[in-house]
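Trainee: I have a structure here, written as structure tokens, and I will follow up with some questions on it.
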Amino acid sequence: MIAESAPHSAPQIRRKFAQRLAMFYGTVFGSSGFYLPFFPVWLKAIGIDPTWIGAILAVPSMTRFTTLPFITAFAERRHALRQTMIVCAFLTMIGFATVGTLREPLAVLLVFALTAVVWTPLTALTDGYALKGVVRFGFSYGPLRLWGSAAFVVGALACGLVVNWLDGEHLIWVIVAAMVLSAVVSLGLQPLGAPTGDGTVLSKASALLRDPGFLAIAISAALIQGSHAGYYTFASITWQAAGLDGLTIAGLWTLGVLAEIILFAVSPRLTLSPATMVILGGLGALLRWTLTAQTLPLPILVVVQLLHGATYGLTQLGTMGLLLHHVPPHVMARAQGYVTACTGLVMSSMAVLSGAIYARYGEGVYYVMAVLGFAGATVIWFGRHRAGQPPGVVGDQPQSAASGG
């Protein structure tokens, strides 16, 4: 891949960059609004049992800590975040369309694994691309990212309406349609430009993995975000078994994301430190999953769902804030890849484990998730001083050696 040409810093270019990025965030997370609540329902509808469902849904998390870091590293080393995002978006569209034609559990697992190789890097690449834009153009991350969450809401509600009249075996094609839109929108992404520093700096980015401050950021984010594994895998199935219809299930997912959207919108006014946000996110996970493990009436479940603003939203904002303070811009995408990989390791392990736990204990799986959230809060509490320090030297090269990519 060739390096991207640097855009001018004119206000109209800045606005265009923000608009196109917001649109892409919207399509990426909008497609997740279809996928997360109803892909497990589709798997169940085509006759796949809970153990296989747990294994299949663990695949994206596994690719996050295996193939994903290599893709983000390759894209940053070649100064080709934008091109890589486009390629991944189109291959994801093709992969999901192929999955939709399959019915045997092993075949679904294998093809979905290949699809996940190109699908899972999209979020890490987009966040890395966005953080470079934050540095380059002076954006606030939260207001840009909220468009992804808003699109997730629209996608979940739309699929909730569709599931009431569309047979479960056909839900996959709604997901595929969303992936098609994401691929088309990716073509409008704007170039960021190549870094101005010595390219050898990027080869030293693995020094991040020896940095205690960065490791505290990555591990705490992985534990707290990984605590959502049981929720992502079995929430819709549990609620459906409890007699809730598709629109109610979509509404429950939506309520949590609405809390997240509000948080992202007001984030420029928040005075909490990034480390404090992550700590609160972990404590929120402890409370949320402990309550979710109970058999709750719908009105209480509605309130509990609003804690998603803490468990996901605060954790995400805090993690991005810590990365901006601690990681030099020229390795930002790779750092984002490492964080996502660490999260994937926890998420995949918990997705597989949650399948076995759910099969035996049902909603008791959420107690394990509560422990993970508390562990994440503990890690960042003890590592908050190192994690909050600005970048000094990464890979024996000063921070100023490059300006971003």
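Chain labels A, B, ... are given in the sequence in which chains occur in the structure tokens; within each chain residues are numbered consecutively from 1, and ligands are likewise numbered from 1 in the order shown.
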Find the residues near Cys159 in chain A: any atom within 12 Å, counting only C-alpha atoms, skip ones fewer than 2 places away on the same chain, and give them as number ranges by chain.
Mentor: A: 30-39, 41-42, 152-157, 161-168, 170-175, 177-178, 245-251, 253-254
Trainee: Wanna dump the range 256-375 of chain A-range 125-135 of chain A contacts at 8 Å for me, each residue with its shortest atom pair and the distance in Å to one decimal, counting only C-alpha atoms, ordered by chain and number, as JSON lines?
Mentor:
```
{"residue": "A:Leu324", "atom": "CA", "partner": "A:Leu131", "partner_atom": "CA", "distance": 7.5}
{"residue": "A:Pro329", "atom": "CA", "partner": "A:Lys132", "partner_atom": "CA", "distance": 6.6}
{"residue": "A:Met332", "atom": "CA", "partner": "A:Gly128", "partner_atom": "CA", "distance": 5.9}
{"residue": "A:Ala333", "atom": "CA", "partner": "A:Gly128", "partner_atom": "CA", "distance": 4.1}
{"residue": "A:Arg334", "atom": "CA", "partner": "A:Gly128", "partner_atom": "CA", "distance": 7.7}
{"residue": "A:Gln336", "atom": "CA", "partner": "A:Gly128", "partner_atom": "CA", "distance": 6.0}
{"residue": "A:Gly337", "atom": "CA", "partner": "A:Leu125", "partner_atom": "CA", "distance": 7.5}
```
Trainee: Would you mind telling me which residue in A:Ala207, A:Leu296, A:Ile224, A:Leu255 lies nearest to Ala242 in chain A when using only C-alpha atoms?
Mentor: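 Looking at the shortest contact to Ala242 in chain A, the residue is A:Leu296.
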Trainee: Skip Val302 in chain A itself and residues of its chain fewer than 3 positions away, then list as a PDB file with N, CA, C and O atoms, in the first residue's frame all residues within 9 Å of it, counting only C-alpha atoms.
Mentor:
```pdb
ATOM      1  N   GLY A 251     -35.138  -2.483  22.545  1.00  0.00           N
ATOM      2  CA  GLY A 251     -35.253  -1.309  23.407  1.00  0.00           C
ATOM      3  C   GLY A 251     -34.322  -1.371  24.594  1.00  0.00           C
ATOM      4  O   GLY A 251     -33.748  -0.359  25.004  1.00  0.00           O
ATOM      5  N   LEU A 252     -34.147  -2.554  25.167  1.00  0.00           N
ATOM      6  CA  LEU A 252     -33.239  -2.713  26.302  1.00  0.00           C
ATOM      7  C   LEU A 252     -31.796  -2.450  25.889  1.00  0.00           C
ATOM      8  O   LEU A 252     -31.044  -1.760  26.593  1.00  0.00           O
ATOM      9  N   LEU A 255     -31.485   1.403  25.377  1.00  0.00           N
ATOM     10  CA  LEU A 255     -31.414   2.239  26.575  1.00  0.00           C
ATOM     11  C   LEU A 255     -29.985   2.380  27.071  1.00  0.00           C
ATOM     12  O   LEU A 255     -29.542   3.468  27.451  1.00  0.00           O
ATOM     13  N   GLY A 256     -29.259   1.257  27.080  1.00  0.00           N
ATOM     14  CA  GLY A 256     -27.878   1.319  27.518  1.00  0.00           C
ATOM     15  C   GLY A 256     -27.043   2.209  26.629  1.00  0.00           C
ATOM     16  O   GLY A 256     -26.228   3.008  27.108  1.00  0.00           O
ATOM     17  N   PRO A 297     -37.644  -7.757  37.355  1.00  0.00           N
ATOM     18  CA  PRO A 297     -38.812  -7.304  36.575  1.00  0.00           C
ATOM     19  C   PRO A 297     -38.370  -6.271  35.555  1.00  0.00           C
ATOM     20  O   PRO A 297     -37.334  -5.606  35.724  1.00  0.00           O
ATOM     21  N   LEU A 298     -39.138  -6.133  34.498  1.00  0.00           N
ATOM     22  CA  LEU A 298     -38.739  -5.265  33.390  1.00  0.00           C
ATOM     23  C   LEU A 298     -38.415  -3.833  33.823  1.00  0.00           C
ATOM     24  O   LEU A 298     -37.406  -3.283  33.366  1.00  0.00           O
ATOM     25  N   PRO A 299     -39.211  -3.175  34.709  1.00  0.00           N
ATOM     26  CA  PRO A 299     -38.871  -1.803  35.084  1.00  0.00           C
ATOM     27  C   PRO A 299     -37.488  -1.685  35.739  1.00  0.00           C
ATOM     28  O   PRO A 299     -36.764  -0.712  35.481  1.00  0.00           O
ATOM     29  N   GLN A 305     -29.980  -1.309  32.814  1.00  0.00           N
ATOM     30  CA  GLN A 305     -29.396  -1.146  31.489  1.00  0.00           C
ATOM     31  C   GLN A 305     -28.717   0.213  31.313  1.00  0.00           C
ATOM     32  O   GLN A 305     -27.778   0.351  30.532  1.00  0.00           O
ATOM     33  N   LEU A 306     -29.192   1.214  32.036  1.00  0.00           N
ATOM     34  CA  LEU A 306     -28.589   2.540  31.933  1.00  0.00           C
ATOM     35  C   LEU A 306     -27.155   2.576  32.455  1.00  0.00           C
ATOM     36  O   LEU A 306     -26.398   3.492  32.145  1.00  0.00           O
TER      37      LEU A 306
END
```
Trainee: When you count only C-alpha atoms, which of these residues is closest to Leu244 in chain A: A:Val118, A:Tyr232, A:Gly160, A:His326?
Mentor: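 The shortest atom-to-atom distance to Leu244 in chain A comes from A:Gly160.
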Trainee: Nearest to Met350 in chain A: which of A:Lys16, A:His228, A:Arg269, A:His325 is it, counting only C-alpha atoms?
Mentor: A:His228
Trainee: Compile the contact shell of Asp49 in chain A as a PyMOL selection string: residues with an atom at most 12 Å away, counting only C-alpha atoms, same-chain residues fewer than 6 positions apart removed.
Mentor: chain A and resi 40-43+55-56+104-106+237+355-356+359
Trainee: Those residues you just picked out, can you put them in a file as a CSV table (one decimal), in the first residue's frame with N, CA, C and O atoms?
Mentor:
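Saved result, part16.csv, follows:
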```
chain,number,residue,atom,x,y,z
A,40,PRO,N,-26.8,-13.9,17.5
A,40,PRO,CA,-27.1,-15.1,18.3
A,40,PRO,C,-28.5,-15.7,18.1
A,40,PRO,O,-28.6,-16.9,18.1
A,41,VAL,N,-29.5,-14.8,17.9
A,41,VAL,CA,-30.8,-15.3,17.6
A,41,VAL,C,-30.9,-16.0,16.3
A,41,VAL,O,-31.5,-17.1,16.1
A,42,TRP,N,-30.1,-15.5,15.3
A,42,TRP,CA,-30.1,-16.2,14.0
A,42,TRP,C,-29.4,-17.5,14.1
A,42,TRP,O,-29.9,-18.5,13.5
A,43,LEU,N,-28.3,-17.6,14.9
A,43,LEU,CA,-27.6,-18.9,15.1
A,43,LEU,C,-28.6,-19.9,15.7
A,43,LEU,O,-28.6,-21.1,15.3
A,55,ALA,N,-19.0,-20.8,21.1
A,55,ALA,CA,-17.7,-20.9,20.4
A,55,ALA,C,-17.7,-20.0,19.2
A,55,ALA,O,-16.7,-19.3,18.9
A,56,ILE,N,-18.8,-19.9,18.4
A,56,ILE,CA,-18.8,-19.1,17.2
A,56,ILE,C,-18.7,-17.6,17.6
A,56,ILE,O,-17.9,-16.8,17.0
A,104,GLU,N,-24.4,-25.6,8.7
A,104,GLU,CA,-23.7,-26.5,9.5
A,104,GLU,C,-22.8,-25.7,10.5
A,104,GLU,O,-22.1,-24.8,10.1
A,105,PRO,N,-22.8,-26.1,11.8
A,105,PRO,CA,-22.0,-25.3,12.8
A,105,PRO,C,-20.6,-25.1,12.5
A,105,PRO,O,-20.0,-24.0,12.6
A,106,LEU,N,-19.9,-26.2,12.1
A,106,LEU,CA,-18.5,-26.1,11.8
A,106,LEU,C,-18.2,-25.2,10.6
A,106,LEU,O,-17.2,-24.4,10.6
A,237,ILE,N,-30.9,-13.9,24.2
A,237,ILE,CA,-31.5,-15.2,24.3
A,237,ILE,C,-32.2,-15.4,25.6
A,237,ILE,O,-33.3,-15.9,25.7
A,355,GLY,N,-20.4,-19.7,27.7
A,355,GLY,CA,-21.3,-20.7,27.1
A,355,GLY,C,-21.5,-21.9,28.0
A,355,GLY,O,-22.6,-22.4,28.2
A,356,ALA,N,-20.3,-22.4,28.6
A,356,ALA,CA,-20.4,-23.5,29.5
A,356,ALA,C,-21.1,-23.2,30.8
A,356,ALA,O,-21.9,-23.9,31.3
A,359,ALA,N,-24.9,-22.7,30.2
A,359,ALA,CA,-25.6,-24.0,30.0
A,359,ALA,C,-26.0,-24.7,31.3
A,359,ALA,O,-27.0,-25.4,31.4
```
Trainee: Taking 2 positions as the minimum chain separation for residues in the same chain, which residues sit within 10 Å of Val352 in chain A when counting only C-alpha atoms? Answer as a PDB file with N, CA and C atoms, in the first residue's frame.
Mentor:
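To be explicit, this is the file written out as result-v9.pdb:
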```
ATOM      1  N   THR A  51     -23.727 -24.355  23.076  1.00  0.00           N
ATOM      2  CA  THR A  51     -22.277 -24.554  23.157  1.00  0.00           C
ATOM      3  C   THR A  51     -21.586 -24.074  21.892  1.00  0.00           C
ATOM      4  N   TRP A  52     -22.167 -24.427  20.720  1.00  0.00           N
ATOM      5  CA  TRP A  52     -21.618 -23.944  19.454  1.00  0.00           C
ATOM      6  C   TRP A  52     -21.764 -22.427  19.326  1.00  0.00           C
ATOM      7  N   ILE A  53     -22.895 -21.897  19.801  1.00  0.00           N
ATOM      8  CA  ILE A  53     -23.102 -20.445  19.733  1.00  0.00           C
ATOM      9  C   ILE A  53     -22.000 -19.722  20.511  1.00  0.00           C
ATOM     10  N   GLY A  54     -21.701 -20.216  21.707  1.00  0.00           N
ATOM     11  CA  GLY A  54     -20.634 -19.609  22.498  1.00  0.00           C
ATOM     12  C   GLY A  54     -19.303 -19.651  21.777  1.00  0.00           C
ATOM     13  N   ALA A  55     -19.000 -20.784  21.125  1.00  0.00           N
ATOM     14  CA  ALA A  55     -17.736 -20.921  20.396  1.00  0.00           C
ATOM     15  C   ALA A  55     -17.690 -19.989  19.185  1.00  0.00           C
ATOM     16  N   ILE A  56     -18.780 -19.923  18.433  1.00  0.00           N
ATOM     17  CA  ILE A  56     -18.829 -19.070  17.239  1.00  0.00           C
ATOM     18  C   ILE A  56     -18.689 -17.595  17.619  1.00  0.00           C
ATOM     19  N   LEU A  57     -19.407 -17.176  18.657  1.00  0.00           N
ATOM     20  CA  LEU A  57     -19.356 -15.771  19.055  1.00  0.00           C
ATOM     21  C   LEU A  57     -18.041 -15.405  19.716  1.00  0.00           C
ATOM     22  N   ALA A  58     -17.253 -16.413  20.102  1.00  0.00           N
ATOM     23  CA  ALA A  58     -15.924 -16.135  20.661  1.00  0.00           C
ATOM     24  C   ALA A  58     -14.905 -15.812  19.584  1.00  0.00           C
ATOM     25  N   VAL A  59     -15.204 -16.172  18.340  1.00  0.00           N
ATOM     26  CA  VAL A  59     -14.229 -16.028  17.255  1.00  0.00           C
ATOM     27  C   VAL A  59     -13.762 -14.590  17.051  1.00  0.00           C
ATOM     28  N   ALA A 229     -18.842  -9.873  28.057  1.00  0.00           N
ATOM     29  CA  ALA A 229     -18.919 -11.070  27.216  1.00  0.00           C
ATOM     30  C   ALA A 229     -20.213 -11.844  27.426  1.00  0.00           C
ATOM     31  N   GLY A 230     -20.572 -12.083  28.680  1.00  0.00           N
ATOM     32  CA  GLY A 230     -21.798 -12.828  28.953  1.00  0.00           C
ATOM     33  C   GLY A 230     -23.032 -12.081  28.464  1.00  0.00           C
ATOM     34  N   THR A 233     -23.263 -12.223  24.605  1.00  0.00           N
ATOM     35  CA  THR A 233     -23.521 -13.564  24.095  1.00  0.00           C
ATOM     36  C   THR A 233     -24.935 -14.054  24.388  1.00  0.00           C
ATOM     37  N   MET A 347     -12.159 -11.195  26.201  1.00  0.00           N
ATOM     38  CA  MET A 347     -13.520 -11.383  25.695  1.00  0.00           C
ATOM     39  C   MET A 347     -13.722 -12.783  25.123  1.00  0.00           C
ATOM     40  N   SER A 348     -12.752 -13.273  24.363  1.00  0.00           N
ATOM     41  CA  SER A 348     -12.906 -14.598  23.769  1.00  0.00           C
ATOM     42  C   SER A 348     -12.902 -15.683  24.832  1.00  0.00           C
ATOM     43  N   SER A 349     -12.017 -15.544  25.805  1.00  0.00           N
ATOM     44  CA  SER A 349     -11.977 -16.525  26.891  1.00  0.00           C
ATOM     45  C   SER A 349     -13.296 -16.544  27.647  1.00  0.00           C
ATOM     46  N   MET A 350     -13.821 -15.360  27.911  1.00  0.00           N
ATOM     47  CA  MET A 350     -15.072 -15.272  28.661  1.00  0.00           C
ATOM     48  C   MET A 350     -16.276 -15.708  27.826  1.00  0.00           C
ATOM     49  N   SER A 354     -18.441 -18.488  29.179  1.00  0.00           N
ATOM     50  CA  SER A 354     -19.822 -18.139  29.484  1.00  0.00           C
ATOM     51  C   SER A 354     -20.799 -19.127  28.859  1.00  0.00           C
ATOM     52  N   GLY A 355     -20.427 -19.704  27.705  1.00  0.00           N
ATOM     53  CA  GLY A 355     -21.290 -20.714  27.103  1.00  0.00           C
ATOM     54  C   GLY A 355     -21.455 -21.913  28.015  1.00  0.00           C
ATOM     55  N   ALA A 356     -20.339 -22.366  28.604  1.00  0.00           N
ATOM     56  CA  ALA A 356     -20.398 -23.510  29.514  1.00  0.00           C
ATOM     57  C   ALA A 356     -21.130 -23.156  30.808  1.00  0.00           C
ATOM     58  N   ILE A 357     -20.854 -21.957  31.332  1.00  0.00           N
ATOM     59  CA  ILE A 357     -21.500 -21.543  32.595  1.00  0.00           C
ATOM     60  C   ILE A 357     -22.995 -21.341  32.388  1.00  0.00           C
TER      61      ILE A 357
END
```
Trainee: Enumerate, as a PyMOL selection string, the complete set of residues in range 19-196 of chain A that a backbone-based DSSP assignment places in alpha helix (DSSP H).
Mentor: chain A and resi 19-45+50-64+68-77+81-99+105-119+121-137+141-163+171-186
Trainee: Quick one: residues within 8 Å of Thr27 in chain A, only C-alpha atoms, excluding same-chain residues fewer than 2 positions away - as a PyMOL selection string?
Mentor: chain A and resi 23-25+29-31+148+151+178-179+181-182+185
Trainee: Between A:Gln83, A:Thr92, A:Ser61, A:Ser220, which is the closest to Thr276 in chain A once you count only C-alpha atoms?
Mentor: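 Of the candidates, the smallest distance to Thr276 in chain A is held by A:Ser220.
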Trainee: Would you work out the distance separating CA of Thr67 in chain A from CA of Val111 in chain A, expressed in Å to one decimal?
Mentor: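 Taking CA of Thr67 in chain A as the start and CA of Val111 in chain A as the end point, the length is 15.3 Å.
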